[in-house]
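Q: Supplied in structure tokens, the structure appears directly below.
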Amino acid sequence: MTRFIERHPAWALIALVAVALLLWLILAVWPPGLEEAIGRKRVFLNAVLNGITLGSLYFLVASGFTLIFGLMRNVNLAHGSLYLFGGYIGYAISAWTGSWILGFIIAFIAVALVGIALQIIVFRRMEGEDLRQTMVTIGLSIVFADLMLWAFGGDFYQIQTPSWLVGPIELPLVTAVKSSGEAVYLRYPLVRLVIFVAAVVIGIVMWLALNRTRVGMMVRAGVDDRDMLAATGVPIQLVFVAVFALGAGLAGIAGVVGGTFQSLSPGEDTRFLLASLVVVIVGGMGSIPGAALGAVIIGLAEQLGSVYIPTYAIVVTFLIMVLVLALRPQGLLARR
Amino acid sequence: MLRSCAGLVALSTLLLSGAAIAQEKIRVGVTATLEGTYTVLGEDGIRGHQTAINTLGKKVGDKEIEFIVASTDATPDSAVRAVRKLIEQDKVQILLSPLSGDEGIAVKNFAKTRPELTFVNAASGAQETTYVDPAPNFFRYNMDGAQWQVGLGKYAYETKGYRKIATVGEDYSFIYTQVFGLVLEFCGAGGQVTNRQWVPLGTKDFASVIAALPDDVDAIYLGLGGADAVNFLNQYQQAGGKAHLMGGSIMVDQTILSAKGSAKNALLGTIAASGQADTWEDPGWQKFVKAYQDAFPPNKRFPSPSLLATNYYNSTSALILALRQVNGDLSNNQAKLKEALAKLELDAPNGKIKLDSNRQAIGTNFVTEVVDDGKGALFSKVVKVIPNVNQTLGYDPAVFSKIGLPSRTVPECKKY
């Protein structure tokens with residue numbers, strides 16, 4: 001951080017001003033002139049919060065994707081299918097038992113098992129052959145999509161939000177002041193906040209596991225140099241299987257989250273695959289903090305775009321991707 | 001033993017294919033949105049198509065109709081691709097296509113490049129398709145989006161007492177046409193439409209759109225369909241939305257009313273208008289509902305046919321009936337068939353349908369309200385039936401042409 005300020009004082013200043021401006025926009029009561037120019041504060045605050053919560057969903061999907069890529073150099077294009085499969089499993093379990101939480105646990109385990117099977121049966125056979133692995137994952141994603149269409153049909157599924165999470169809560173953010181002097185606070189869907197907090201917790205736990213544990217050390221070493229790590233006697237295949245299981249399981253959890261605040265249907269697999277590709281390209285392939293940053297940027301761009309420039313909202317995401325590719329092709333937070 | 005069995009099978013296959021060649025077939029290509037946002041709509045469309053085949057049969061004189069289904073995803077290029085594939089690879093002579101608004105405009109334009117073939121619109125409802133520069137070989141037996149909104153504006157203003165409304169709709173031609181019909185009537189009656197929001201087809205996260213809905217309106221009109229509508233309602237419930245709702249023709253429809261989950265309950269009491277009403281007591285309608293229910297097991301269909309099923313049923317029926325009138329004669333660039341289609345008066349389950357000079361349906365429209373049947377299933381209950389709705393919505397054609405084509409901002413909110 002301090003190094004960055006020393007090396008780029010101008011950029012640091014701009015970033016500081018931007019953060020201050022953003023904080024002011026979020027915390028202050030807007031003067032009437034500003035409300036006229038860009039609309040009500042409630043809309044802006046909602047868009048920002050939605051962007052961040054949507055970003056947390058993208059982070060859950062993309063972190064598994066980037067983890068698998070970082071360690072195994074395997075661009076797993078069947079990742080979207082794992083997401084959708086997790087969502088369907090979560091739906092089936094929560095509809096059957098009535099427990100939302102249980103849906104998460106079973107979805108994580110089931111999809112992690114699929115991940116393990118994929119790694120052992122398919123990818124181990126073609127280790128180091130990047131192109132071949134990528135082609136196989138495309139094929140697998142098509143097969144999975146058709147299998148799921150066969151089993152679950154083209155219907156939309158929504159996972160029931162538990163009753164204690166339905167509805168909005170008031171946040172201590174003032175959106176407007178009534179003429180009587182009474183402050184109006186922002187009302188926001190509780191379930192999205194809970195999901196955001198959960199994503200942050202998962203992100204922190206993952207960061208700690210990678211940076212503070214022995215297994216994490218092995219994984220990081222494997223990212224840097226697989227062959228040397230194997231030569232030191234670490235059971236590298238076991239590490240691969242564990243990472244694949246974790247990455248797939250996270251996609252499964254994300255599926256349950258997506259099924260709760262959006263919906264599940266055929267086609268969602270490719271949508272989330274595309275989203276996580278964009279997120280990791282922006283954030284940097286193989287980097288967990290990069291996935292978090294990329295996810296928040298893409299989430300914010302989508303939501304702010306859909307409010308302020310609805311016609312071009314779709315373009316904004318890809319514009320960001322193009323800009324990043326042009327100016328910093330390795331991604332914002334990639335190490336090399 | 002095994003070898004002789006295989007031999008027998010091979011022989012019988014040969015014989016069967018020989019029989020098939022002997023009997024002449026009329027090949028008809030069908031497209032439906034079996035992928036993407038509108039998957040559920042396409043699937044139920046195909047159920048309606050199948051119900052028509054079950055009711056009428058495939059025989060035309062001594063010939064048999066063969067239907068070949070291709071899938072699209074509601075984008076115009078996917079529709080043209082599917083139609084091209086059906087014509088060039090499957091050698092179909094007649095098209096029953098397409099389902100969605102933008103697809104309709106594209107297929108109509110494509111129809112002009114193949115004037116020798118016949119195109120029967122399956123379910124698409126953009127106004128432009130038959131109103132602007134219509135193709136002489138394109139026939140539409142369903143009303144357009146604006147016709148399907150007739151009665152809703154007046155009912156909202158006069159009976160419900162709504163004065164100011166805002167609209168949220170998917171950003172494409174069919175919903176433009178629906179909002180066109182609504183705005184024309186609601187503003188004509190004296191109401192105000194303060195805000196029109198457009199979202200891309202296939203939007204998943206509506207939270208910001210919901211936050212931007214104005215508070216100072218009496219009702220919010222929703223012109224969404226398929227997965228978009230389900231997502232919107234789900235997030236609307238989570239945001240604690242309480243406004244009065246009004247629905248477009250694919251919003252208040254069995255494709256949404258029988259979605260899984262509780263979010264659809266936000267639609268209870270919603271007023272809407274469409275080319276059909278689930279609980280209409282007309283015997284013809286009830287007979288069709290029965291035929292639809294008998295054709296599929298309860299978990300493979302909706303409790304009652306959706307608008308798409310009805311449209312596909314009608315277009316398939318019209319085609320089979322016209323083919324029978326001309327005894328399957330497709331000579332001379334299908335001239336006889338085209339003439340028969342143009343003149344056909346269809347005694348459809350949702351009211352009599354005839355075509356105008358642009359080959360566009362004149363039919364019956366329904367204003368409805370969403371009710372619970374007591375067991376948790378939602379249906380649209382008919383509150384008003386309006387017969388003989390034409391494409392200019394009862395306006396003088398000269399006046400109507402001055403309003404302009406449906407778009408994000410057309411028509412203006414005023415009395416024309």
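Identifiers in the structure tokens: chain A, B, ... in order shown; residue index from 1 per chain; ligand index from 1 in order shown.
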Find the residues in chain A near chain B: any atom within 6 Å counts, using only C-alpha atoms. Write them as JSON, numbers by chain.
A: {"A": [43, 47, 154, 155, 158, 166, 167, 168, 189, 262, 267]}
Q: List every residue of region 22-250 of chain A that DSSP, applied to the backbone of this structure, assigns to strand (DSSP E), and report them as a list in words.
A: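 Answer for region 22-250 of chain A restricted to strand (DSSP E) is Pro168, Ile169, Glu170, Leu171, Pro172, Leu173, Val174, Thr175, Ala176, Val177, Ala183, Val184, Tyr185, Leu186, Arg187, Tyr188 and Pro189 of chain A.
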Q: What separation in Å, quoted to one decimal, exists between CA of Tyr395 (chain B) and CA of Glu412 (chain B)?
A: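 Spanning CA of Tyr395 (chain B) to CA of Glu412 (chain B) is a straight-line distance of 15.9 Å.
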Q: For Thr51 (chain B), please output as a ChimeraX atom specification all residues within 7 Å (counting only C-alpha atoms; exclusion window: fewer than 4 positions along the same chain).
A: /B:47,55,291-292,295,313
Q: Any idea what's packed within 6 Å of Gly55 (chain A), counting only C-alpha atoms, ignoring anything in its chain fewer than 4 positions away? Could you give it as a PyMOL selection string?
A: chain A and resi 51+59+295-296+299
Q: Residues at most 7 Å from region 145-148 of chain B, counting only C-alpha atoms, excluding those fewer than 6 positions away in the same chain, as a PyMOL selection string?
A: chain B and resi 125-127+174+177-178+180-181+249+273-275+365+389-391+393
Q: Go ahead and write the residues just picked, N, CA and C atoms, as a short mmCIF file (atom, residue, chain, number, x, y, z; two decimals), in the first residue's frame.
A:
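The result, written out as part-v5.cif:
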```cif
data_model
loop_
_atom_site.label_atom_id
_atom_site.label_comp_id
_atom_site.auth_asym_id
_atom_site.auth_seq_id
_atom_site.Cartn_x
_atom_site.Cartn_y
_atom_site.Cartn_z
N GLY B 125 -46.28 -11.59 -31.39
CA GLY B 125 -47.30 -10.55 -31.32
C GLY B 125 -46.81 -9.12 -31.41
N ALA B 126 -45.73 -8.86 -32.18
CA ALA B 126 -45.32 -7.47 -32.38
C ALA B 126 -46.22 -6.85 -33.44
N GLN B 127 -46.54 -5.57 -33.26
CA GLN B 127 -47.45 -4.93 -34.20
C GLN B 127 -46.86 -4.83 -35.60
N PHE B 174 -42.41 -6.87 -28.81
CA PHE B 174 -43.71 -7.32 -28.32
C PHE B 174 -44.17 -6.49 -27.12
N THR B 177 -45.28 -3.14 -28.06
CA THR B 177 -46.64 -3.19 -28.60
C THR B 177 -47.67 -3.28 -27.48
N GLN B 178 -47.35 -4.05 -26.44
CA GLN B 178 -48.28 -4.16 -25.31
C GLN B 178 -48.45 -2.82 -24.60
N PHE B 180 -47.89 0.06 -25.82
CA PHE B 180 -48.57 0.91 -26.79
C PHE B 180 -50.08 0.82 -26.58
N GLY B 181 -50.60 -0.43 -26.56
CA GLY B 181 -52.04 -0.62 -26.39
C GLY B 181 -52.53 -0.09 -25.05
N SER B 249 -49.77 -9.58 -21.15
CA SER B 249 -50.41 -10.85 -21.51
C SER B 249 -49.55 -12.07 -21.21
N ALA B 273 -54.82 -8.05 -19.14
CA ALA B 273 -55.65 -8.33 -20.31
C ALA B 273 -54.86 -9.23 -21.23
N SER B 274 -55.59 -10.10 -21.95
CA SER B 274 -54.93 -11.07 -22.79
C SER B 274 -55.94 -11.65 -23.78
N GLY B 275 -55.44 -12.46 -24.70
CA GLY B 275 -56.32 -13.11 -25.66
C GLY B 275 -57.07 -14.29 -25.08
N ASN B 365 -60.94 -10.21 -26.99
CA ASN B 365 -59.97 -9.95 -25.92
C ASN B 365 -60.64 -10.03 -24.55
N VAL B 389 -61.89 -7.25 -31.85
CA VAL B 389 -60.82 -6.28 -31.68
C VAL B 389 -59.94 -6.33 -32.93
N ASN B 390 -59.82 -5.20 -33.64
CA ASN B 390 -58.97 -5.22 -34.83
C ASN B 390 -57.63 -4.57 -34.55
N GLN B 391 -56.73 -4.59 -35.55
CA GLN B 391 -55.37 -4.15 -35.29
C GLN B 391 -55.27 -2.66 -35.02
N LEU B 393 -57.28 -1.09 -33.27
CA LEU B 393 -57.89 -0.94 -31.94
C LEU B 393 -59.14 -0.07 -31.99
#
```
Q: Give the alpha helix (DSSP H) residues of region 213-365 of chain B, as DSSP finds them on the backbone, and put them as a ChimeraX atom specification.
A: /B:226-238,254-257,283-295,307-325,331-343
Q: Pick the closest to Leu149 (chain A) from A:Leu102, A:Ile14, A:Leu84, A:Met217: which is it, counting only C-alpha atoms?
A: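 Closest to Leu149 (chain A), using only C-alpha atoms: A:Leu84.
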Q: Near Ser407 (chain B), within 9 Å and counting only C-alpha atoms, which residues show up once chain neighbours fewer than 6 positions away are dropped, as a ChimeraX atom specification?
A: /B:172-173,175-177,179-180
Q: May I have the selected residues written with C-alpha atoms, as a PDB file, in the first residue's frame?
A:
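For reference, again36.pdb as written:
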```
ATOM      1  CA  TYR B 172     -38.196  -5.467 -27.351  1.00  0.00           C
ATOM      2  CA  SER B 173     -40.964  -5.192 -29.905  1.00  0.00           C
ATOM      3  CA  ILE B 175     -43.625  -5.444 -25.018  1.00  0.00           C
ATOM      4  CA  TYR B 176     -43.438  -2.105 -26.871  1.00  0.00           C
ATOM      5  CA  THR B 177     -46.639  -3.187 -28.603  1.00  0.00           C
ATOM      6  CA  VAL B 179     -47.377  -0.868 -23.628  1.00  0.00           C
ATOM      7  CA  PHE B 180     -48.570   0.907 -26.792  1.00  0.00           C
TER       8      PHE B 180
END
```
Q: Suppose you want the space between CA of Ala135 (chain B) and CA of Met251 (chain B); what is it in Å?
A: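 One can read the CA of Ala135 (chain B) to CA of Met251 (chain B) distance as 29.2 Å.
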Q: Kindly give the distance, in Å, that separates CA of Val61 (chain A) and CA of Leu274 (chain A), rounded to a single decimal.
A: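 Between CA of Val61 (chain A) and CA of Leu274 (chain A) the gap is 10.6 Å.
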Q: Give me the residues near Val234 (chain A) as a PyMOL selection string, where near means some atom within 8 Å (using only C-alpha atoms) and where sequence neighbours in that chain fewer than 4 positions away do not count.
A: chain A and resi 218+229-230
Q: Please produce an output containing N, CA and C atoms for each residue in the selection, written as a PDB file, in the first residue's frame.
A:
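Done, and the output landed in part-v7.pdb:
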```pdb
ATOM      1  N   MET A 218       1.211 -25.331   0.565  1.00  0.00           N
ATOM      2  CA  MET A 218       1.424 -26.276  -0.542  1.00  0.00           C
ATOM      3  C   MET A 218       0.727 -25.795  -1.806  1.00  0.00           C
ATOM      4  N   LEU A 229       7.371 -28.633  -6.423  1.00  0.00           N
ATOM      5  CA  LEU A 229       6.594 -29.054  -5.257  1.00  0.00           C
ATOM      6  C   LEU A 229       6.490 -30.577  -5.225  1.00  0.00           C
ATOM      7  N   ALA A 230       6.196 -31.165  -6.377  1.00  0.00           N
ATOM      8  CA  ALA A 230       6.072 -32.622  -6.442  1.00  0.00           C
ATOM      9  C   ALA A 230       7.396 -33.279  -6.076  1.00  0.00           C
TER      10      ALA A 230
END
```
Q: Using only C-alpha atoms, tabulate the residues of region 171-225 of chain A lying at most 12 Å from any atom of region 35-40 of chain A, each with its closest atom pair and that distance in Å to one decimal, by chain and increasing residue number, as a Markdown table.
A:
```
| residue | atom | partner | partner_atom | distance |
| --- | --- | --- | --- | --- |
| A:Val174 | CA | A:Arg40 | CA | 11.8 |
| A:Thr175 | CA | A:Arg40 | CA | 8.2 |
| A:Ala176 | CA | A:Arg40 | CA | 8.6 |
| A:Val177 | CA | A:Arg40 | CA | 11.9 |
| A:Leu186 | CA | A:Arg40 | CA | 11.8 |
```
Q: Pull N, CA and C atoms from the residues just selected and write them as a PDB file, in the first residue's frame.
A:
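After the write, out_2.pdb holds the following:
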```pdb
ATOM      1  N   VAL A 174     -29.366   7.285   5.831  1.00  0.00           N
ATOM      2  CA  VAL A 174     -30.454   8.215   5.579  1.00  0.00           C
ATOM      3  C   VAL A 174     -30.605   8.414   4.074  1.00  0.00           C
ATOM      4  N   THR A 175     -31.817   8.217   3.558  1.00  0.00           N
ATOM      5  CA  THR A 175     -32.006   8.451   2.128  1.00  0.00           C
ATOM      6  C   THR A 175     -32.601   9.825   1.880  1.00  0.00           C
ATOM      7  N   ALA A 176     -33.391  10.308   2.815  1.00  0.00           N
ATOM      8  CA  ALA A 176     -34.015  11.619   2.634  1.00  0.00           C
ATOM      9  C   ALA A 176     -34.485  12.115   3.989  1.00  0.00           C
ATOM     10  N   VAL A 177     -34.776  13.397   4.087  1.00  0.00           N
ATOM     11  CA  VAL A 177     -35.335  13.950   5.318  1.00  0.00           C
ATOM     12  C   VAL A 177     -36.699  14.522   4.979  1.00  0.00           C
ATOM     13  N   LEU A 186     -32.964   3.785   4.760  1.00  0.00           N
ATOM     14  CA  LEU A 186     -33.013   2.874   3.620  1.00  0.00           C
ATOM     15  C   LEU A 186     -33.555   1.511   4.059  1.00  0.00           C
TER      16      LEU A 186
END
```
